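Q: Below you will find the structure I want to go over with you.
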Amino acid sequence: MRIDLHVHSTASDGTKTPAEVVDLAVAAGLDVIALTDHDSAAGWDEAAARAREVGLTMVPGMEISTKLDGAGVHLLAYLPDPSYEPLAHELSRIIEGREGRLGAILEQLRTAGIDVTDAEVRRQVGSAPAIGRPHIADVLVARGYVADRTEAFTRWLSAGQPGFVGRYAPATATMVELVNASGGAAVIAHPWGRGSRRVLDEQALSELAAAGLAGLEVDHRDHRPSDTAALRSIAARLGLVVTGSSDFHGAGKVDHELGCHLTAPEQLDRLLEIAASHARGRDRATTQVVRPRPQPCGR
Ligand code: AMP
Ligand code: ZN
Ligand code: FE
Ligand code: FE
């Protein structure tokens, strides 16, 4: 059983459509993926339809932007209900924040001598509701200002660089509670990757566990082997589920091929059981795992 629980599509800043992601997952020998676009469920229906056709199991998810002590923390939400009003409200605030900062980023880049238009970025974004810096990065690449997304971030778009502008994100613990109240389960994405390491020591993780956090994404390309070992021990002490995932973005992120890290089946079972326990007692339909239809006998 090969399970990859963190995958992006063109519904956010990945470069493959949700249907293409499903096809690629089958080609990569995966049995289960979670589609986890940034702050949006926009890709779920397309991925679910294709997953049913090709016999892949698809866990609807999202990677939600949150903040803890001034640092960005990405929260993977599995089986959340995006129509649960308090969650929907926060997600639309995040999406509006992404929208609102675009003009400011382009203005700052212009001041620094880089002339990229709003229309060029919009074309790159396509129909994705979540405008991300990777879309701007791709325009910088296309215009020859930089060689790739990585250089776009290190020279222009990362915190401290000339094109950086902050944006709205709710507190991590608040979002854990909203995801749970909507019937989902929350896992911290790449806890010791990039910016979030400094705010996520064992004490902070234990407070989030007390707030209802379900798990940690331990196996991830942004973690060194010593990080994964330490995070695995912390997860064990705090009783948290351990996941491993690719964080696939298509051509948008190198070394993050589908299935490059996997989640153990029993860890997925725990995660789904936690989501089910949050969903029990809710009076509305909950988000479900999309499972392949059983084939009739003899086929
Ligand atoms: P945003 O969602 O606009 O805050 O942009 C953050 C996203 O950009 C992350 O979720 C990653 O997918 C991507 N990203 C962040 N840093 C880098 C980097 N150094 N190189 C390539 N992609 C990055
Ligand atoms: Zn991304
Ligand atoms: Fe992330
Ligand atoms: Fe991601």
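Following the order of the structure tokens, first chain is A, next is B, and so on, with residues numbered from 1 inside each chain and ligands from 1 in the order they appear.
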List as an NGL selection string the protein and nucleic acid residues near Val254 (chain A), meaning an atom at most 12 Å away when only C-alpha atoms are counted, but skip any in the same chain fewer than 2 places from it.

A: :A and (14-15 or 148-150 or 221-222 or 246-252 or 256-258 or 260)

Q: Do you have, as a Markdown table, the list of residues of chain A lying at most 9 Å from ligand 2, each with its nearest atom pair and that distance in Å to one decimal, counting only C-alpha atoms and all ligand atoms and ordered by chain then number?

A:
```
| residue | atom | partner | partner_atom_place_in_ligand_line | distance |
| --- | --- | --- | --- | --- |
| A:Val7 | CA | ligand 2 | 1 (Zn) | 8.8 |
| A:His8 | CA | ligand 2 | 1 (Zn) | 6.5 |
| A:Ser9 | CA | ligand 2 | 1 (Zn) | 8.8 |
| A:Ser12 | CA | ligand 2 | 1 (Zn) | 7.0 |
| A:Asp13 | CA | ligand 2 | 1 (Zn) | 5.2 |
| A:Gly14 | CA | ligand 2 | 1 (Zn) | 6.6 |
| A:Asp37 | CA | ligand 2 | 1 (Zn) | 7.2 |
| A:His38 | CA | ligand 2 | 1 (Zn) | 6.4 |
| A:Glu63 | CA | ligand 2 | 1 (Zn) | 8.3 |
| A:Gly132 | CA | ligand 2 | 1 (Zn) | 7.6 |
| A:Arg133 | CA | ligand 2 | 1 (Zn) | 8.8 |
| A:Pro134 | CA | ligand 2 | 1 (Zn) | 7.4 |
| A:Asp247 | CA | ligand 2 | 1 (Zn) | 7.7 |
| A:Phe248 | CA | ligand 2 | 1 (Zn) | 8.4 |
| A:His249 | CA | ligand 2 | 1 (Zn) | 6.6 |
| A:Gly252 | CA | ligand 2 | 1 (Zn) | 8.4 |
| A:Lys253 | CA | ligand 2 | 1 (Zn) | 8.6 |
```

Q: May I ask you to write as a VMD selection string all residues lying at most 9 Å from ligand 3, with only C-alpha atoms and all ligand atoms counted?

A: chain A and resid 6 38 63 to 65 73 to 76 189 to 190 193 247

Q: Export all heavy atoms of the chosen residues as a short mmCIF file (atom, residue, chain, number, x, y, z; two decimals), in the first residue's frame?

A:
```cif
data_model
loop_
_atom_site.label_atom_id
_atom_site.label_comp_id
_atom_site.auth_asym_id
_atom_site.auth_seq_id
_atom_site.Cartn_x
_atom_site.Cartn_y
_atom_site.Cartn_z
N HIS A 6 0.31 14.49 0.57
CA HIS A 6 0.53 15.93 0.43
C HIS A 6 0.90 16.21 -1.02
O HIS A 6 2.05 16.03 -1.42
CB HIS A 6 1.64 16.36 1.41
CG HIS A 6 1.93 17.82 1.44
ND1 HIS A 6 2.69 18.39 2.44
CD2 HIS A 6 1.59 18.85 0.61
CE1 HIS A 6 2.81 19.70 2.23
NE2 HIS A 6 2.15 20.00 1.12
N HIS A 38 -3.34 24.67 -1.57
CA HIS A 38 -3.28 25.72 -0.56
C HIS A 38 -4.65 26.37 -0.35
O HIS A 38 -5.23 26.94 -1.29
CB HIS A 38 -2.27 26.80 -0.97
CG HIS A 38 -0.85 26.31 -1.02
ND1 HIS A 38 -0.11 26.10 0.12
CD2 HIS A 38 -0.04 25.98 -2.04
CE1 HIS A 38 1.10 25.68 -0.21
NE2 HIS A 38 1.17 25.59 -1.52
N GLU A 63 -3.87 22.40 2.37
CA GLU A 63 -2.74 22.87 3.17
C GLU A 63 -3.06 24.32 3.53
O GLU A 63 -3.05 25.20 2.67
CB GLU A 63 -1.43 22.77 2.38
CG GLU A 63 -0.22 23.18 3.22
CD GLU A 63 1.11 23.01 2.49
OE1 GLU A 63 1.11 22.96 1.24
OE2 GLU A 63 2.14 22.96 3.17
N ILE A 64 -3.35 24.55 4.79
CA ILE A 64 -3.87 25.84 5.21
C ILE A 64 -2.76 26.69 5.82
O ILE A 64 -2.00 26.23 6.67
CB ILE A 64 -5.04 25.65 6.21
CG1 ILE A 64 -6.12 24.75 5.59
CG2 ILE A 64 -5.63 27.00 6.60
CD1 ILE A 64 -7.31 24.45 6.49
N SER A 65 -2.69 27.95 5.40
CA SER A 65 -1.68 28.88 5.92
C SER A 65 -2.10 29.34 7.32
O SER A 65 -3.22 29.83 7.50
CB SER A 65 -1.60 30.12 5.03
OG SER A 65 -1.47 29.76 3.68
N VAL A 73 3.14 28.71 9.54
CA VAL A 73 3.06 27.26 9.79
C VAL A 73 2.00 26.71 8.84
O VAL A 73 0.87 27.23 8.81
CB VAL A 73 2.67 26.96 11.26
CG1 VAL A 73 2.38 25.47 11.45
CG2 VAL A 73 3.78 27.42 12.21
N HIS A 74 2.35 25.70 8.05
CA HIS A 74 1.39 25.11 7.12
C HIS A 74 0.69 23.94 7.80
O HIS A 74 1.34 23.04 8.32
CB HIS A 74 2.10 24.64 5.85
CG HIS A 74 2.50 25.78 4.95
ND1 HIS A 74 3.20 25.61 3.78
CD2 HIS A 74 2.27 27.10 5.06
CE1 HIS A 74 3.39 26.79 3.21
NE2 HIS A 74 2.84 27.71 3.98
N LEU A 75 -0.63 23.98 7.76
CA LEU A 75 -1.43 22.95 8.43
C LEU A 75 -2.17 22.12 7.38
O LEU A 75 -2.97 22.66 6.62
CB LEU A 75 -2.43 23.62 9.38
CG LEU A 75 -3.09 22.71 10.39
CD1 LEU A 75 -2.07 22.21 11.40
CD2 LEU A 75 -4.21 23.47 11.10
N LEU A 76 -1.88 20.82 7.35
CA LEU A 76 -2.59 19.94 6.44
C LEU A 76 -3.90 19.53 7.11
O LEU A 76 -3.90 19.04 8.24
CB LEU A 76 -1.74 18.70 6.13
CG LEU A 76 -0.51 19.01 5.27
CD1 LEU A 76 0.53 17.89 5.41
CD2 LEU A 76 -0.90 19.22 3.81
N ALA A 189 2.37 20.37 8.40
CA ALA A 189 3.20 20.08 7.22
C ALA A 189 4.65 20.48 7.52
O ALA A 189 4.90 21.50 8.15
CB ALA A 189 2.70 20.87 6.02
N HIS A 190 5.59 19.66 7.05
CA HIS A 190 7.04 19.94 7.17
C HIS A 190 7.34 20.84 8.37
O HIS A 190 7.85 21.97 8.20
CB HIS A 190 7.57 20.57 5.87
CG HIS A 190 6.68 21.65 5.27
ND1 HIS A 190 6.54 22.89 5.81
CD2 HIS A 190 5.87 21.63 4.18
CE1 HIS A 190 5.70 23.61 5.08
NE2 HIS A 190 5.28 22.86 4.09
N GLY A 193 10.73 22.38 8.34
CA GLY A 193 11.21 22.93 7.08
C GLY A 193 11.28 24.43 7.24
O GLY A 193 10.81 24.98 8.23
N ASP A 247 4.82 16.33 -1.13
CA ASP A 247 4.62 17.77 -1.37
C ASP A 247 4.86 18.06 -2.85
O ASP A 247 5.45 19.07 -3.22
CB ASP A 247 5.56 18.60 -0.47
CG ASP A 247 5.05 20.01 -0.22
OD1 ASP A 247 4.04 20.40 -0.83
OD2 ASP A 247 5.68 20.72 0.58
#
```

Q: How many Å separate CA of Leu157 (chain A) from CA of Arg98 (chain A)?

A: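 Going from CA of Leu157 (chain A) over to CA of Arg98 (chain A) covers 13.7 Å.
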
Q: Which residue is closest to ligand 1? Choose from A:Leu268, A:Ile188, A:Val242, A:Ile131 and count only C-alpha atoms and all ligand atoms.

A: A:Ile131

Q: Could you list, as a VMD selection string, every residue within 6 Å of Gly72 (chain A), counting only C-alpha atoms and ignoring same-chain residues fewer than 2 positions away?

A: chain A and resid 66 to 67 196

Q: Could you check which of A:Pro129, A:Glu85, A:Gly70, A:Ala214 is closest to Gly166 (chain A), using only C-alpha atoms?

A: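 Of the candidates, the smallest distance to Gly166 (chain A) is held by A:Gly70.
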
Q: Tell me, in Å to one decimal, how far CA of Leu109 (chain A) is from atom 19 (N, counted along the ligand's line) of ligand 1.

A: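 Interatomic distance here is 17.2 Å.
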
Q: So that I can see what lies close to Gly100 (chain A), please list as a count of residues only the residues with an atom at most 12 Å from it, counting only C-alpha atoms and leaving out residues fewer than 6 positions away in the same chain.

A: 12

Q: Check the smallest atom-to-atom distance from each of A:Val290, A:Leu205, A:Val176, A:Val22 to Met58 (chain A) using only C-alpha atoms, then report the winner.

A: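 With only C-alpha atoms as the atom set, the closest residue is A:Val290.
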
Q: For a test of reading the model, state the distance in Å between CA of Ala48 (chain A) and atom 20 (N, counted along the ligand's line) of ligand 1, rounded to one decimal.

A: 28.4 Å

Q: Return the single residue from A:Pro82, A:Gly126, A:Gly29, A:Gly61 that is closest to ligand 4, with distances computed using only C-alpha atoms and all ligand atoms.

A: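 Closest to ligand 4 of all the choices is A:Gly61.
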
Q: List the neighbours of Ala147 (chain A) out to 10 Å using only C-alpha atoms; skip same-chain residues closer than 5 positions along the sequence, and give me the result as a CSV table (one decimal) with N, CA and C atoms, in the first residue's frame.

A:
```
chain,number,residue,atom,x,y,z
A,137,ALA,N,6.8,33.8,-9.3
A,137,ALA,CA,8.1,33.2,-9.6
A,137,ALA,C,8.1,32.7,-11.0
A,138,ASP,N,7.1,32.0,-11.4
A,138,ASP,CA,7.0,31.4,-12.8
A,138,ASP,C,7.1,32.5,-13.8
A,140,LEU,N,8.6,35.5,-13.4
A,140,LEU,CA,9.9,35.9,-13.4
A,140,LEU,C,10.8,35.0,-14.2
A,141,VAL,N,10.6,33.7,-14.1
A,141,VAL,CA,11.4,32.7,-14.9
A,141,VAL,C,11.1,33.0,-16.4
A,142,ALA,N,9.8,33.0,-16.7
A,142,ALA,CA,9.4,33.2,-18.2
A,142,ALA,C,10.0,34.4,-18.8
A,152,ALA,N,14.0,32.7,-7.9
A,152,ALA,CA,13.0,33.8,-7.7
A,152,ALA,C,12.7,34.0,-6.2
```
